[in-house]
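Here the structure is laid out as structure tokens; the discussion comes afterwards.
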Number of protein chains: 2
Amino acid sequence: MTQSARTPVWKSIAETLENEIEHGHYRAGDKLPTEAELASRFGVNRHTVRRALGDMAERNILRSRRGAGVFVESAPTDYPIGKRVSFTQNIQATGRLPNKQLLRLEERSCDSSEAKVLDIPIGAPVLVYEGLSLSGDTPIAHFVSIFPSERFPHMSEILKTVSSVTETLKHQGIDDYVRRDTRITAELATPVQALHLRIRAGDPLLKSVGVNTTLDGTPIEQGQTWFAAERVALTVARD
Amino acid sequence: MTQSARTPVWKSIAETLENEIEHGHYRAGDKLPTEAELASRFGVNRHTVRRALGDMAERNILRSRRGAGVFVESAPTDYPIGKRVSFTQNIQATGRLPNKQLLRLEERSCDSSEAKVLDIPIGAPVLVYEGLSLSGDTPIAHFVSIFPSERFPHMSEILKTVSSVTETLKHQGIDDYVRRDTRITAELATPVQALHLRIRAGDPLLKSVGVNTTLDGTPIEQGQTWFAAERVALTVARD
DNA sequence: GGCGATTTGTCCGTATGTATA
DNA sequence: CTATACATACGGACAAATCGC
């Protein structure tokens with residue numbers, strides 16, 4: 001009757017459920033049995049189940065919605081930030097289908113800070129490329145990229161048909177490029193961003209601002225990306 | 001009278017103010033002149049000034065407080081994430097005084113995930129080191145570090161006197177260590193974290209989870225850090 | 001849109017084993 | 001050994017959100 005082992009009951013319940021999620025018994029988005037059902041399954045009080053679920057929710061494995069149930073969260077996809085950063089490749093590596101949705105594609109003249117970053121004269125034309133990045137059909141990020149137009153006269157037409165920046169740059173004669181630096185901050189989602197990313201306003205976003213250059217150091221793109229924090233973890237690997 | 005250049009008046013006002021902040025005319029925490037004063041200074045309507053201030057507020061350069069005035073935000077400190085990540089060195093590089101406040105220092109046995117990361121048997125003793133990282137006297141981050149105790153028998157006593165992890169490890173015979181990987185996510189501050197970091201609950205945090213190893217790859221520390229997003233930008237540099 | 005059943009969230013209380021001073 | 005504090009587990013009641021009809 002008494003608990004002989006040193007591990008609390010709630011903890012072993014949590015580990016059991018974690019294993020079942022790990023082994024695909026429950027998948028991302030699935031609804032777990034109700035607290036009452038789990039309580040009777042494990043032969044414990046509902047509160048003991050709640051302790052286990054609470055622990056798992058704290059570690060972002062589950063999310064509970066009052067009145068609806070407890071649901072399995074999708075594990076955030078690792079998004080490597082390194083020398084070469086490519087959304088298409090990063091998503092393909094997870095085994096899902098990378099996709100992009102175009103929101104805006106326009107030319108305008110650059111301001112002083114953009115000129116400084118891209119190493120072009122103030123007022124020079126830049127191409128603004130805004131859109132959503134999707135993994136399968138779940139939105140991952142909202143991005144705004146800026147290219148120096150004079151360097152890439154056909155960028156706009158190609159971007160309309162090709163949804164990969166890397167591919168588009170290949171058509172423009174850039175076979176390889178590297179990330180010069182990346183700056184990562186955190187922000188709260190605006191209502192518009194929340195709508196686009198299918199999250200709630202005020203949910204956390206990971207903002208990444210990076211500059212890509214050719215191998216000889218000429219800047220070719222300044223990219224700003226707002227990742228839905230619940231779906232992505234940025235990773236920095238050694239080398 | 002008419003605007004000959006293509007740049008809007010509000011934008012050049014914003015750039016002017018930005019320059020003055022950049023050049024130290026206004027410093028972090030300073031109150032700007034009132035909107036009315038700025039309007040008369042630039043010879044424009046108050047609404048035009050407001051457009052400039054609004055743009056700067058959106059970029060987190062300013063923060064306005066109704067009834068009080070408009071204040072210069074402290075620029076987020078760049079915090080490089082690379083092969084070697086040291087809070088002490090990172091803060092020293094900004095010219096401020098790194099500091100640490102101890103919140104907890106205790107030994108317990110590790111769970112399965114910690115065992116896996118630190119490459120020790122499940123249940124082996126680990127030292128938990130929790131505290132706050134300060135730059136000067138403004139809190140920057142809240143951290144929880146875990147060390148395998150059997151490898152470092154005197155860690156606890158040294159950490160009580162030395163506030164730098166790098167220094168403490170030197171006393172333990174580890175002259176050099178490298179960051180194996182770093183995982184960056186974004187979370188919302190809990191009420192307790194908000195109190196510690198002197199921000200508001202629900203404000204965005206940058207969470208970084210990293211593992212430091214000796215040069216031969218033996219893990220010596222798992223560190224979790226929650227940075228106040230408004231005070232820090234994590235940077236990833238090439239090389 | 002309303003309504004009732006379902007489900008989670010939060011509060012009250014009780015009891016017991018374990019570690020600590 | 002006693003007193004205290006704490007974590008664990010159970011029981012019940014109601015509020016609040018959600019869903020289906």
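Simple scheme: letters A, B, ... for chains in structure tokens order, numbers from 1 for residues in each chain, numbers from 1 for ligands in the order shown.
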I'd like to know which residues of segment 116-175 of chain B are helix (DSSP H, G or I) (by DSSP, run on the backbone); could you write them as an MDAnalysis selection string? chainID B and resid 116:118 155:161 165:171
Could you give the C-alpha RMSD in Å for chain A superposed on chain B, pairing all atoms in order?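 Here the RMSD amounts to 0.7 Å.
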Residues within 12 Å of Gly95 of chain B, please, as number ranges by chain. Count only C-alpha atoms (C1' of nucleotides); anything in the same chain fewer than 5 positions from it doesn't count. B: 77-78, 88-90, 135-136
Using only C-alpha atoms (C1' of nucleotides) for the distances, tell me which of D:DT8, D:DA3, D:DG20, D:DA13 is nearest to DC11 of chain C. D:DA13
Report the closest atom pair, with its distance in Å rounded to one decimal, for each residue of chain D that has an atom no farther than 7 Å from chain A; count only C-alpha atoms (C1' of nucleotides), sort by chain and then rising residue number, and write it as CSV.
```
residue,atom,partner,partner_atom,distance
D:DA9,C1',A:Thr48,CA,6.8
D:DC10,C1',A:Asn45,CA,6.0
D:DA17,C1',A:Gly67,CA,4.9
D:DT18,C1',A:Gly67,CA,4.3
```
Please write the residues from the selection above to a file, keeping C-alpha atoms (C1' of nucleotides), as a tab-separated table (two decimals), in the first residue's frame.
```
chain	number	residue	atom	x	y	z
D	9	DA	C1'	-1.42	11.53	-1.89
D	10	DC	C1'	-6.45	11.47	-1.44
D	17	DA	C1'	-13.88	27.56	-20.29
D	18	DT	C1'	-15.12	24.63	-24.13
```
Counting only C-alpha atoms (C1' of nucleotides), a student should be able to say which residues of chain C come within 10 Å of chain A; what is the right answer, written as a tab-separated table (two decimals) with C-alpha atoms (C1' of nucleotides), in the first residue's frame?
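In the end it all went to selection.tsv:
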```tsv
chain	number	residue	atom	x	y	z
C	6	DT	C1'	-17.85	17.83	-20.26
C	7	DT	C1'	-13.32	19.10	-18.79
C	8	DT	C1'	-9.80	21.70	-16.61
C	9	DG	C1'	-8.54	25.23	-12.76
C	16	DT	C1'	0.87	10.05	6.25
C	17	DG	C1'	5.90	9.37	5.70
```
Sorted by chain and rising residue number, list the residues of chain B at most 8 Å from chain A (counting only C-alpha atoms), each with its closest atom pair and distance in Å to one decimal, as JSON lines.
```
{"residue": "B:Ile81", "atom": "CA", "partner": "A:Val236", "partner_atom": "CA", "distance": 7.8}
{"residue": "B:Gly82", "atom": "CA", "partner": "A:Arg238", "partner_atom": "CA", "distance": 7.6}
{"residue": "B:Lys83", "atom": "CA", "partner": "A:Arg238", "partner_atom": "CA", "distance": 6.4}
{"residue": "B:Arg179", "atom": "CA", "partner": "A:Arg238", "partner_atom": "CA", "distance": 7.1}
{"residue": "B:Arg180", "atom": "CA", "partner": "A:Arg238", "partner_atom": "CA", "distance": 5.6}
{"residue": "B:Asp181", "atom": "CA", "partner": "A:Ala237", "partner_atom": "CA", "distance": 4.6}
{"residue": "B:Thr182", "atom": "CA", "partner": "A:Val236", "partner_atom": "CA", "distance": 5.0}
{"residue": "B:Arg183", "atom": "CA", "partner": "A:Thr235", "partner_atom": "CA", "distance": 4.4}
{"residue": "B:Ile184", "atom": "CA", "partner": "A:Leu234", "partner_atom": "CA", "distance": 4.9}
{"residue": "B:Thr185", "atom": "CA", "partner": "A:Ala233", "partner_atom": "CA", "distance": 5.1}
{"residue": "B:Ala186", "atom": "CA", "partner": "A:Ala229", "partner_atom": "CA", "distance": 5.4}
{"residue": "B:Glu187", "atom": "CA", "partner": "A:Pro204", "partner_atom": "CA", "distance": 5.8}
{"residue": "B:Leu188", "atom": "CA", "partner": "A:Pro204", "partner_atom": "CA", "distance": 6.5}
{"residue": "B:Asp203", "atom": "CA", "partner": "A:Leu188", "partner_atom": "CA", "distance": 7.8}
{"residue": "B:Pro204", "atom": "CA", "partner": "A:Glu187", "partner_atom": "CA", "distance": 5.9}
{"residue": "B:Leu205", "atom": "CA", "partner": "A:Ala186", "partner_atom": "CA", "distance": 6.3}
{"residue": "B:Leu206", "atom": "CA", "partner": "A:Ala186", "partner_atom": "CA", "distance": 5.9}
{"residue": "B:Ala229", "atom": "CA", "partner": "A:Ala186", "partner_atom": "CA", "distance": 5.4}
{"residue": "B:Glu230", "atom": "CA", "partner": "A:Ala186", "partner_atom": "CA", "distance": 7.9}
{"residue": "B:Val232", "atom": "CA", "partner": "A:Thr185", "partner_atom": "CA", "distance": 7.2}
{"residue": "B:Ala233", "atom": "CA", "partner": "A:Thr185", "partner_atom": "CA", "distance": 5.0}
{"residue": "B:Leu234", "atom": "CA", "partner": "A:Ile184", "partner_atom": "CA", "distance": 4.9}
{"residue": "B:Thr235", "atom": "CA", "partner": "A:Arg183", "partner_atom": "CA", "distance": 4.4}
{"residue": "B:Val236", "atom": "CA", "partner": "A:Thr182", "partner_atom": "CA", "distance": 5.0}
{"residue": "B:Ala237", "atom": "CA", "partner": "A:Asp181", "partner_atom": "CA", "distance": 4.7}
{"residue": "B:Arg238", "atom": "CA", "partner": "A:Arg180", "partner_atom": "CA", "distance": 5.6}
{"residue": "B:Asp239", "atom": "CA", "partner": "A:Asp239", "partner_atom": "CA", "distance": 7.8}
```
Please identify the strand (DSSP E) residues within segment 51-144 of chain B (assignment by DSSP from backbone atoms) and present them as a PyMOL selection string. chain B and resi 62-65+69-72+77-80+98-109+125-135+138-144
Atom CA of Ile122 of chain A to atom CA of Glu221 of chain A measures 15.8 Å
Under the rule that only C-alpha atoms are counted, which of B:Ser86, B:Ser74, B:Thr138, B:Ser12 is the nearest residue to Ala28 of chain B?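 Closest residue, counting only C-alpha atoms: B:Ser74.
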Can you measure atom CA of Arg41 of chain A to atom CA of Leu17 of chain A for me? One decimal in Å is fine. 11.8 Å
Write out as a ChimeraX atom specification the residues lying within 12 Å of Lys170 of chain B, counting only C-alpha atoms (C1' of nucleotides) and excluding same-chain residues fewer than 4 positions away. /B:152,154-155,158-159,162,164-166,174-177,214
